[in-house]
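Novice: I'm passing along query.txt; it holds compact mmCIF, C-alpha atoms.
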# COMPACT_ATOMS: atom_id res chain seq x y z
CA MET A 5 13.71 -87.11 29.88
CA PRO A 6 13.60 -88.96 33.23
CA PRO A 7 11.03 -91.76 33.71
CA ASP A 8 7.41 -90.60 33.78
CA PHE A 9 5.43 -91.66 36.85
CA LYS A 10 2.13 -90.17 35.64
CA ASP A 11 -0.57 -92.58 34.53
CA SER A 12 -2.03 -92.33 31.03
CA PRO A 13 -5.84 -91.98 30.92
CA GLN A 14 -6.17 -94.33 27.91
CA ARG A 15 -5.35 -98.02 27.71
CA ARG A 16 -1.85 -98.57 26.37
CA ARG A 17 -0.33 -101.27 24.18
CA ALA A 18 3.11 -102.58 25.05
CA LEU A 19 5.83 -104.77 23.62
CA VAL A 20 7.44 -106.67 26.50
CA PHE A 21 11.02 -107.89 26.21
CA GLY A 22 13.38 -109.89 28.37
CA LEU A 23 16.88 -111.33 28.27
CA GLU A 24 17.67 -115.02 28.57
CA LEU A 25 20.93 -114.77 30.46
CA PRO A 26 23.06 -117.66 31.73
CA GLY A 27 21.32 -119.11 34.79
CA SER A 28 18.05 -117.19 34.21
CA ASP A 29 15.79 -120.15 34.99
CA GLN A 30 12.99 -117.88 36.26
CA LEU A 31 12.56 -115.87 33.05
CA THR A 32 9.26 -117.45 31.96
CA LEU A 33 7.70 -116.85 35.39
CA GLU A 34 9.10 -113.32 35.54
CA LEU A 35 7.60 -112.44 32.15
CA GLU A 36 4.23 -113.89 33.22
CA GLU A 37 4.37 -111.68 36.30
CA LEU A 38 5.39 -108.64 34.28
CA ARG A 39 2.39 -109.04 31.97
CA LEU A 40 0.13 -109.36 35.03
CA LEU A 41 1.70 -106.26 36.58
CA LEU A 42 1.09 -104.32 33.37
CA ALA A 43 -2.53 -105.50 33.24
CA ASN A 44 -2.99 -104.01 36.71
CA LEU A 45 -1.87 -100.69 35.23
CA GLY A 46 -4.30 -100.98 32.32
CA VAL A 47 -1.52 -101.85 29.85
CA GLU A 48 -2.06 -104.62 27.30
CA ALA A 49 1.05 -106.68 26.55
CA VAL A 50 0.53 -107.33 22.82
CA GLN A 51 3.78 -109.21 22.23
CA THR A 52 6.62 -110.68 24.28
CA VAL A 53 10.16 -110.95 22.90
CA VAL A 54 13.04 -112.91 24.45
CA GLN A 55 16.65 -112.29 23.42
CA LYS A 56 19.40 -114.71 24.39
CA ARG A 57 22.59 -112.98 25.51
CA LEU A 58 25.59 -113.58 27.74
CA GLN A 59 25.06 -110.15 29.30
CA PRO A 60 22.94 -107.04 28.64
CA ASP A 61 24.22 -104.74 25.92
CA PRO A 62 25.39 -101.51 27.62
CA ALA A 63 23.72 -99.31 24.98
CA THR A 64 20.41 -101.02 24.13
CA CYS A 65 20.18 -104.01 26.52
CA LEU A 66 19.07 -106.27 23.64
CA GLY A 67 21.93 -105.54 21.26
CA SER A 68 21.89 -102.98 18.45
CA GLY A 69 20.77 -105.41 15.73
CA ARG A 70 17.85 -106.84 17.68
CA ALA A 71 16.82 -103.40 18.91
CA ALA A 72 16.75 -102.11 15.31
CA GLU A 73 14.60 -105.09 14.25
CA LEU A 74 12.04 -104.35 16.94
CA ARG A 75 11.53 -100.78 15.75
CA GLY A 76 9.40 -102.10 12.89
CA ALA A 77 7.58 -104.57 15.14
CA ILE A 78 6.61 -101.81 17.58
CA ALA A 79 5.24 -99.70 14.75
CA GLY A 80 3.36 -102.66 13.26
CA LEU A 81 1.80 -103.54 16.62
CA GLU A 82 0.75 -99.90 17.11
CA ALA A 83 2.41 -100.09 20.51
CA ASP A 84 3.06 -96.84 22.35
CA LEU A 85 5.17 -98.47 25.06
CA ALA A 86 8.03 -100.96 25.40
CA VAL A 87 8.70 -102.65 28.74
CA SER A 88 11.92 -104.39 29.78
CA ASN A 89 12.02 -107.21 32.31
CA GLU A 90 15.60 -106.15 33.05
CA PRO A 91 16.44 -102.94 34.93
CA LEU A 92 17.57 -100.34 32.38
CA SER A 93 20.35 -97.83 32.83
CA PRO A 94 19.77 -94.17 31.93
CA ARG A 95 21.77 -94.69 28.73
CA GLN A 96 19.78 -97.77 27.70
CA MET A 97 16.44 -96.08 28.33
CA HIS A 98 17.55 -92.98 26.41
CA GLU A 99 18.88 -94.97 23.43
CA LEU A 100 15.77 -97.16 23.14
CA ARG A 101 13.39 -94.20 23.37
CA ALA A 102 15.27 -92.44 20.60
CA LEU A 103 15.37 -95.58 18.43
CA TRP A 104 11.78 -96.74 18.88
CA GLY A 105 9.99 -93.41 19.27
CA CYS A 106 7.87 -94.59 22.20
CA ASP A 107 7.95 -94.63 25.99
CA VAL A 108 10.26 -97.20 27.57
CA TRP A 109 9.76 -98.65 31.05
CA ASP A 110 11.56 -101.33 33.01
CA ARG A 111 10.36 -103.81 35.65
CA PRO A 112 11.33 -101.66 38.68
CA LEU A 113 9.39 -98.70 37.23
CA VAL A 114 6.29 -100.86 36.62
CA ILE A 115 6.28 -102.17 40.21
CA THR A 116 6.89 -98.68 41.61
CA LYS A 117 3.96 -97.34 39.56
CA ILE A 118 1.66 -99.99 41.06
CA PHE A 119 2.84 -99.15 44.58
CA GLN A 120 2.24 -95.48 43.82
CA GLY A 121 -1.34 -96.17 42.74
CA ARG A 122 -2.07 -98.29 45.84
CA ALA A 123 -0.59 -95.97 48.48
CA SER A 124 -3.31 -94.45 50.65
CA SER A 125 -1.81 -93.84 54.11
CA ALA A 126 0.58 -90.97 54.81
CA GLU A 127 3.37 -93.44 55.64
CA ALA A 128 2.93 -95.43 52.43
CA LYS A 129 2.94 -92.24 50.36
CA LEU A 130 6.18 -91.12 52.04
CA GLN A 131 7.78 -94.48 51.27
CA ILE A 132 6.66 -94.39 47.64
CA ASP A 133 7.91 -90.81 47.20
CA LEU A 134 11.30 -91.86 48.54
CA ALA A 135 11.43 -94.88 46.21
CA ARG A 136 10.56 -92.63 43.26
CA CYS A 137 13.38 -90.23 44.15
CA ARG A 138 15.86 -93.09 44.45
CA TYR A 139 14.77 -94.50 41.11
CA GLU A 140 14.71 -91.20 39.26
CA LEU A 141 17.97 -89.67 40.54
CA PRO A 142 20.35 -92.02 38.68
CA HIS A 143 18.39 -91.43 35.47
CA LEU A 144 18.69 -87.65 35.86
CA ARG A 145 22.41 -87.92 36.60
CA GLY A 146 22.92 -90.16 33.58
CA LEU A 147 20.99 -87.87 31.26
CA GLY A 148 22.84 -84.85 32.62
CA GLU A 149 26.17 -86.50 31.79
CA GLN A 150 24.97 -87.32 28.27
CA MET A 151 23.78 -83.77 27.67
CA SER A 152 27.00 -82.25 29.01
CA ARG A 153 28.93 -84.25 26.40
CA THR A 154 26.98 -82.57 23.60
CA GLY A 155 28.58 -79.18 24.24
CA GLY A 156 30.38 -77.63 21.30
CA GLY A 157 33.70 -76.69 22.87
CA ILE A 158 35.89 -76.62 25.92
CA GLY A 159 34.02 -75.37 28.94
CA THR A 160 30.67 -75.31 27.18
CA ARG A 161 27.53 -76.74 28.70
CA GLY A 162 25.17 -79.15 26.98
CA PRO A 163 21.72 -77.78 26.09
CA GLY A 164 19.35 -78.13 28.98
CA GLU A 165 22.03 -79.25 31.41
CA THR A 166 21.26 -76.44 33.85
CA GLU A 167 17.62 -77.49 34.02
CA PHE A 168 18.66 -81.07 34.78
CA GLU A 169 21.01 -79.89 37.49
CA ARG A 170 18.21 -77.88 39.14
CA HIS A 171 15.88 -80.87 38.98
CA ARG A 172 18.59 -83.14 40.36
CA ARG A 173 19.30 -80.84 43.32
CA LYS A 174 15.58 -80.58 44.01
CA LEU A 175 15.25 -84.39 44.03
CA GLU A 176 18.30 -84.77 46.28
CA ARG A 177 16.81 -82.32 48.79
CA ARG A 178 13.50 -84.18 48.60
CA GLU A 179 15.27 -87.49 49.19
CA ARG A 180 16.99 -86.14 52.30
CA ASP A 181 13.73 -84.71 53.67
CA LEU A 182 11.83 -87.95 53.06
CA SER A 183 14.62 -90.01 54.63
CA ARG A 184 14.45 -87.86 57.77
CA GLN A 185 10.64 -88.19 57.95
CA LEU A 186 10.79 -91.96 57.49
CA GLY A 187 13.53 -92.15 60.11
CA ARG A 188 11.03 -90.70 62.58
CA VAL A 189 8.43 -93.24 61.40
CA GLN A 190 10.95 -96.03 61.90
CA ALA A 191 11.69 -94.84 65.45
CA ALA A 192 7.96 -94.67 66.22
CA ARG A 193 7.43 -98.20 64.91
CA GLY A 194 10.33 -99.39 67.06
CA GLY A 195 8.64 -97.89 70.10
CA GLN A 196 5.38 -99.63 69.21
CA ARG A 197 7.15 -102.98 68.91
CA LYS A 198 8.76 -102.52 72.34
CA ARG A 199 5.37 -101.80 73.89
CA ARG A 200 3.91 -104.90 72.21
CA ALA A 201 6.84 -106.98 73.48
CA ARG A 202 6.16 -105.81 77.04
CA SER A 203 2.58 -107.06 76.69
CA GLY A 204 3.92 -110.62 76.53
CA MET A 205 1.97 -111.43 73.36
CA THR A 206 3.86 -113.09 70.50
CA THR A 207 3.63 -111.36 67.12
CA VAL A 208 2.88 -113.65 64.18
CA ALA A 209 3.56 -111.93 60.85
CA PHE A 210 1.65 -113.29 57.85
CA VAL A 211 4.01 -113.00 54.89
CA GLY A 212 3.90 -114.12 51.30
CA TYR A 213 3.37 -113.23 47.69
CA THR A 214 1.14 -110.33 46.77
CA ASN A 215 -2.56 -111.21 46.39
CA CYS A 216 -2.37 -114.54 48.26
CA GLY A 217 -5.05 -113.51 50.76
CA LYS A 218 -3.02 -112.35 53.79
CA THR A 219 -5.32 -109.43 54.63
CA THR A 220 -8.50 -111.51 54.42
CA LEU A 221 -6.82 -114.21 56.54
CA VAL A 222 -5.86 -111.78 59.32
CA ALA A 223 -9.35 -110.25 59.18
CA SER A 224 -10.99 -113.68 59.48
CA LEU A 225 -8.76 -114.82 62.35
CA SER A 226 -9.21 -111.59 64.31
CA GLY A 227 -12.86 -110.99 63.47
CA ASP A 228 -12.05 -107.43 62.43
CA ARG A 229 -14.42 -106.52 59.62
CA ALA A 230 -12.65 -103.20 59.13
CA LEU A 231 -9.83 -105.04 57.35
CA HIS A 232 -10.74 -105.55 53.72
CA GLY A 233 -8.71 -107.66 51.32
CA GLU A 234 -8.90 -106.89 47.61
CA ASP A 235 -8.27 -109.15 44.63
CA LYS A 236 -5.44 -107.11 43.14
CA LEU A 237 -1.67 -106.85 43.37
CA PHE A 238 -0.14 -104.92 46.29
CA ALA A 239 -3.49 -103.91 47.78
CA THR A 240 -1.75 -103.80 51.20
CA LEU A 241 1.19 -101.43 51.69
CA ASP A 242 0.82 -100.87 55.43
CA THR A 243 1.28 -103.31 58.29
CA ALA A 244 -1.92 -103.94 60.26
CA ILE A 245 -1.66 -105.59 63.70
CA ARG A 246 -4.72 -107.33 65.20
CA ARG A 247 -5.29 -109.43 68.32
CA VAL A 248 -6.21 -113.07 67.78
CA ARG A 249 -7.38 -115.46 70.48
CA LEU A 250 -5.99 -118.99 70.29
CA PRO A 251 -7.77 -122.22 71.37
CA SER A 252 -5.79 -122.19 74.66
CA GLY A 253 -7.24 -118.78 75.46
CA ARG A 254 -3.93 -116.98 74.95
CA LEU A 255 -3.75 -113.90 72.76
CA ILE A 256 -1.29 -113.31 69.92
CA LEU A 257 -0.78 -110.34 67.63
CA ALA A 258 -1.34 -111.14 63.93
CA GLY A 259 0.40 -108.84 61.47
CA ASP A 260 -0.69 -108.28 57.87
CA THR A 261 2.29 -107.27 55.73
CA VAL A 262 3.18 -105.89 52.29
CA GLY A 263 3.28 -108.61 49.62
CA PHE A 264 6.39 -109.96 47.91
CA ILE A 265 7.16 -110.50 44.24
CA ARG A 266 10.12 -111.67 42.19
CA ARG A 267 12.88 -109.08 41.85
CA LEU A 268 11.30 -106.53 44.16
CA PRO A 269 13.11 -103.26 43.29
CA PRO A 270 15.85 -102.40 45.80
CA GLU A 271 14.56 -98.80 45.93
CA LEU A 272 11.24 -100.09 47.28
CA VAL A 273 12.86 -102.50 49.73
CA ALA A 274 15.01 -99.67 51.11
CA SER A 275 12.11 -97.21 51.24
CA PHE A 276 9.77 -99.69 52.95
CA ARG A 277 12.39 -100.55 55.56
CA ALA A 278 10.21 -99.32 58.44
CA THR A 279 7.33 -101.53 57.29
CA LEU A 280 9.46 -104.60 56.52
CA GLU A 281 11.08 -104.41 59.95
CA GLU A 282 7.75 -105.64 61.31
CA VAL A 283 8.51 -108.91 59.50
CA ALA A 284 12.11 -109.10 60.73
CA GLU A 285 11.10 -108.48 64.35
CA ALA A 286 8.11 -110.87 64.49
CA GLY A 287 8.34 -113.89 66.78
CA VAL A 288 6.83 -116.30 64.24
CA LEU A 289 6.27 -116.07 60.49
CA ALA A 290 3.29 -117.70 58.82
CA VAL A 291 4.08 -118.01 55.11
CA VAL A 292 0.84 -117.68 53.14
CA MET A 293 0.63 -119.15 49.63
CA ASP A 294 -2.13 -119.27 47.03
CA VAL A 295 -3.07 -122.91 46.46
CA CYS A 296 -3.90 -121.93 42.85
CA ASP A 297 -0.25 -121.00 42.22
CA PRO A 298 0.98 -123.30 39.42
CA HIS A 299 4.60 -122.97 40.63
CA PRO A 300 4.46 -123.26 44.45
CA GLU A 301 8.05 -124.46 44.83
CA ASP A 302 9.44 -121.51 42.86
CA THR A 303 7.26 -119.06 44.77
CA PHE A 304 8.32 -120.49 48.12
CA GLY A 305 11.95 -120.14 47.05
CA VAL A 306 11.41 -116.44 46.22
CA ILE A 307 9.73 -115.85 49.60
CA CYS A 308 12.57 -117.58 51.45
CA LYS A 309 15.18 -115.49 49.62
CA ILE A 310 13.44 -112.23 50.53
CA LEU A 311 13.08 -113.34 54.15
CA ALA A 312 16.77 -114.28 54.20
CA ASP A 313 17.65 -110.80 52.91
CA LEU A 314 15.59 -109.38 55.79
CA GLY A 315 17.35 -111.66 58.29
CA ALA A 316 14.09 -113.41 59.14
CA SER A 317 14.20 -116.81 57.40
CA ASP A 318 14.75 -118.58 60.74
CA ARG A 319 11.35 -117.36 62.00
CA ILE A 320 9.21 -119.44 59.63
CA GLY A 321 6.84 -121.55 61.71
CA VAL A 322 4.02 -122.67 59.43
CA LEU A 323 3.03 -122.68 55.77
CA VAL A 324 -0.56 -121.69 54.97
CA LEU A 325 -2.09 -122.85 51.68
CA ASN A 326 -4.93 -120.37 51.25
CA LYS A 327 -7.90 -120.21 48.85
CA ILE A 328 -8.63 -123.96 48.98
CA ASP A 329 -12.26 -123.15 48.15
CA ARG A 330 -11.06 -122.51 44.59
CA VAL A 331 -9.53 -125.92 43.81
CA PRO A 332 -10.52 -129.61 43.99
CA GLU A 333 -9.42 -131.37 47.17
CA GLY A 334 -6.92 -133.50 45.25
CA ASP A 335 -5.07 -130.44 43.96
CA ALA A 336 -4.70 -129.08 47.49
CA ALA A 337 -3.33 -132.45 48.65
CA LYS A 338 -0.68 -132.38 45.90
CA ALA A 339 0.42 -128.88 46.94
CA VAL A 340 0.64 -129.97 50.59
CA LEU A 341 2.79 -132.95 49.59
CA ALA A 342 5.12 -130.74 47.53
CA LEU A 343 5.64 -128.21 50.33
CA SER A 344 5.77 -130.61 53.29
CA LYS A 345 9.33 -131.63 52.38
CA HIS A 346 10.58 -128.28 53.67
CA GLY A 347 9.93 -129.46 57.23
CA PHE A 348 7.23 -126.98 58.24
CA PRO A 349 3.64 -127.86 59.15
CA VAL A 350 1.23 -127.05 56.30
CA CYS A 351 -2.30 -125.82 56.96
CA CYS A 352 -4.96 -125.56 54.24
CA THR A 353 -7.36 -122.65 54.65
CA SER A 354 -10.01 -120.59 52.97
CA ALA A 355 -10.01 -117.13 54.50
CA LEU A 356 -13.33 -116.42 52.75
CA THR A 357 -15.29 -119.46 53.94
CA GLY A 358 -13.45 -120.07 57.23
CA ARG A 359 -12.46 -123.59 56.28
CA GLY A 360 -9.26 -124.74 57.99
CA LEU A 361 -8.95 -121.71 60.28
CA ASP A 362 -9.40 -123.79 63.45
CA GLU A 363 -6.53 -126.05 62.40
CA LEU A 364 -4.36 -122.99 61.71
CA LEU A 365 -5.15 -121.51 65.12
CA THR A 366 -4.23 -124.81 66.77
CA ALA A 367 -0.91 -124.87 64.90
CA LEU A 368 -0.17 -121.27 65.93
CA ASP A 369 -1.08 -122.13 69.52
CA GLY A 370 1.59 -124.84 69.62
CA LEU A 371 4.20 -122.70 67.84
CA THR A 372 3.80 -119.62 70.02
CA GLU A 373 3.70 -121.73 73.20
CA ARG A 374 7.05 -123.28 72.32
CA ARG A 375 8.52 -119.88 71.39
CA GLY A 376 7.37 -118.46 74.70
CA GLU A 377 9.04 -121.21 76.77
Would you put the structure from the file into structure tokens?
Specialist:
Amino acid sequence: MPPDFKDSPQRRRALVFGLELPGSDQLTLELEELRLLLANLGVEAVQTVVQKRLQPDPATCLGSGRAAELRGAIAGLEADLAVSNEPLSPRQMHELRALWGCDVWDRPLVITKIFQGRASSAEAKLQIDLARCRYELPHLRGLGEQMSRTGGGIGTRGPGETEFERHRRKLERRERDLSRQLGRVQAARGGQRKRRARSGMTTVAFVGYTNCGKTTLVASLSGDRALHGEDKLFATLDTAIRRVRLPSGRLILAGDTVGFIRRLPPELVASFRATLEEVAEAGVLAVVMDVCDPHPEDTFGVICKILADLGASDRIGVLVLNKIDRVPEGDAAKAVLALSKHGFPVCCTSALTGRGLDELLTALDGLTERRGE
């Protein structure tokens, strides 16, 4: 069966597994993130397994021997779910389900499920539906090919193949319809950006990892109490633009954006193209980071890579270390020292208490004045 996007009403128990591939220096951080992502879905990661390989096994990802060993572990842990940090092919997902007798997810599916649960606006729901179609279609095609090979003779059809073909055609039609609808959204957003450009106000997009406080920061700077940040992953899936007055008296437009994460699924990046274009077209980027992040250098590297993929890495103007109310002053100073070497001004803020916001506004005043010259 294709991947299931429906949420289970009861709390689930999962075995998490990842591959240590050559050059995979981010594996520990990725597995930490994956466990956090699962917790946001109400899934308890009861055990984490790492398998060292030169490349993923085409049939089981882990290798047949290791996969067979884990069948007993899954049963002993009373786990009803296994989650791969690596993207799984239709064949791999099918083989592991059959071997382990439980549901099997991969990292892209987990992230897509979280996006699905957070989507509230019509635009976000369209984008999530498109990402789901793009994720599910290859799995249906792969399963259809497997089932067609089970036919008993020349010209025969595998059992259930017709049903898969109908479902595949339905998904392909849905994908085309959603792409057309989002094309209209993209055109409308382009028109909005042109109107904002004619106003003469510079747009500053606040970008960064999910749950670093971007929404609360934009709300505090603009004074808009209608914007509410939440302490959970991917709470913001829509871009919000608010006016902010700088110390010089000039106005800028501050944009709250969808959060980043390591290995953001390409289906989501493609589907959220209209939203992410707000980042690519902004005059200045303010990179927001959680001062509590134990790996700020690694996180900044991930953010820079995503911005480079969007063609926007040259727009970075300031780094914002947010949530300084949660750490001792010395810890914040260490984080500033570590990030200052990248050549950008670093501002320490607490969006909740207002601490450091005046310094940030002053920095943005200087940046946008120079960009406007």
Novice: Do you know which residues are at most 12 Å from Gln30 (chain A) counting all atoms listed in the file, after dropping those on the same chain fewer than 5 positions away, and could you put them as a VMD selection string?
Specialist: chain A and resid 22 to 25 35 to 37 89 266 to 267 299 301 to 303 305 to 306
Novice: Which of these residues is nearest to Leu323 (chain A), using all atoms listed in the file: A:Leu225, A:Leu113, A:Leu144, A:Val291?
Specialist: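 Ranking A:Leu225, A:Leu113, A:Leu144, A:Val291 by distance to Leu323 (chain A), first place goes to A:Val291.
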Novice: Rounded to one decimal place, report the CA of Arg101 (chain A)-CA of Arg17 (chain A) distance in Å.
Specialist: 15.5 Å
Novice: Hey, what's within 9 Å of Ile245 (chain A) if we count all atoms listed in the file and toss same-chain stuff fewer than 5 positions away? As a PyMOL selection string, please?
Specialist: chain A and resi 207+209+222+257-260
Novice: How about saving the chosen residues, C-alpha atoms kept, as a JSON list (two decimals), in the frame of the given file?
Specialist:
[["chain", "number", "residue", "atom", "x", "y", "z"],
["A", 207, "THR", "CA", 3.63, -111.36, 67.12],
["A", 209, "ALA", "CA", 3.56, -111.93, 60.85],
["A", 222, "VAL", "CA", -5.86, -111.78, 59.32],
["A", 257, "LEU", "CA", -0.78, -110.34, 67.63],
["A", 258, "ALA", "CA", -1.34, -111.14, 63.93],
["A", 259, "GLY", "CA", 0.40, -108.84, 61.47],
["A", 260, "ASP", "CA", -0.69, -108.28, 57.87]]
Novice: Could you jot down the CA of Asp133 (chain A) to CA of Asn44 (chain A) separation for me, Å, one decimal place?
Specialist: 20.1 Å
Novice: If I take CA of Cys137 (chain A) and CA of Gly315 (chain A), how far is one from the other in Å, to one decimal?
Specialist: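 Spanning CA of Cys137 (chain A) to CA of Gly315 (chain A) is a straight-line distance of 26.0 Å.
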Novice: Kindly indicate which residue among A:Glu176, A:Arg199, A:Ala192, A:Phe304 lies nearest to Lys345 (chain A), using all atoms listed in the file for the distances.
Specialist: A:Phe304
Novice: Taking only C-alpha atoms into account, name the residue in A:Ile115, A:Leu41, A:Leu237, A:Ile328 that is nearest to Leu268 (chain A).
Specialist: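 Closest residue, counting only C-alpha atoms: A:Ile115.
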Novice: Taking a cut-off of 7 Å and counting all atoms listed in the file, can you build a table that, for each residue of region 240-281 of chain A near region 362-375 of chain A, reports the nearest atom pair and how far apart they are in Å (one decimal), sorted by chain then residue number, as CSV?
Specialist:
residue,atom,partner,partner_atom,distance
A:Leu250,CA,A:Leu365,CA,5.8
A:Pro251,CA,A:Thr366,CA,6.4
A:Ser252,CA,A:Asp369,CA,7.0
Novice: Residues near Ala223 (chain A), anyone? I mean within 12 Å using only C-alpha atoms, not counting same-chain ones fewer than 6 positions away, as a ChimeraX atom specification.
Specialist: /A:210,217,229-233,244-248,258-260,355-356,358,361
Novice: Would you mind listing what lies within 12 Å of Ile78 (chain A) as a list of chain:residue names, with all atoms listed in the file counted and same-chain residues fewer than 6 positions away left out?
Specialist: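 The neighbour list is A:Arg17, A:Ala18, A:Leu19, A:Val20, A:Phe21, A:Ala49, A:Val50, A:Gln51, A:Thr52, A:Val53, A:Ala71, A:Ala72, A:Asp84, A:Leu85, A:Ala86, A:Val87, A:Leu100, A:Arg101, A:Leu103, A:Trp104, A:Gly105, A:Cys106, A:Asp107, A:Val108.
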Novice: For Val208 (chain A), find every residue with an atom within 6 Å (counting all atoms listed in the file), except residues of its own chain fewer than 3 positions away, and show them as a PDB file with C-alpha atoms, keeping the file's coordinate frame.
Specialist:
ATOM      1  CA  ALA A 258      -1.340-111.140  63.930  1.00  0.00           C
ATOM      2  CA  ALA A 286       8.110-110.870  64.490  1.00  0.00           C
ATOM      3  CA  VAL A 288       6.830-116.300  64.240  1.00  0.00           C
ATOM      4  CA  LEU A 289       6.270-116.070  60.490  1.00  0.00           C
TER       5      LEU A 289
END
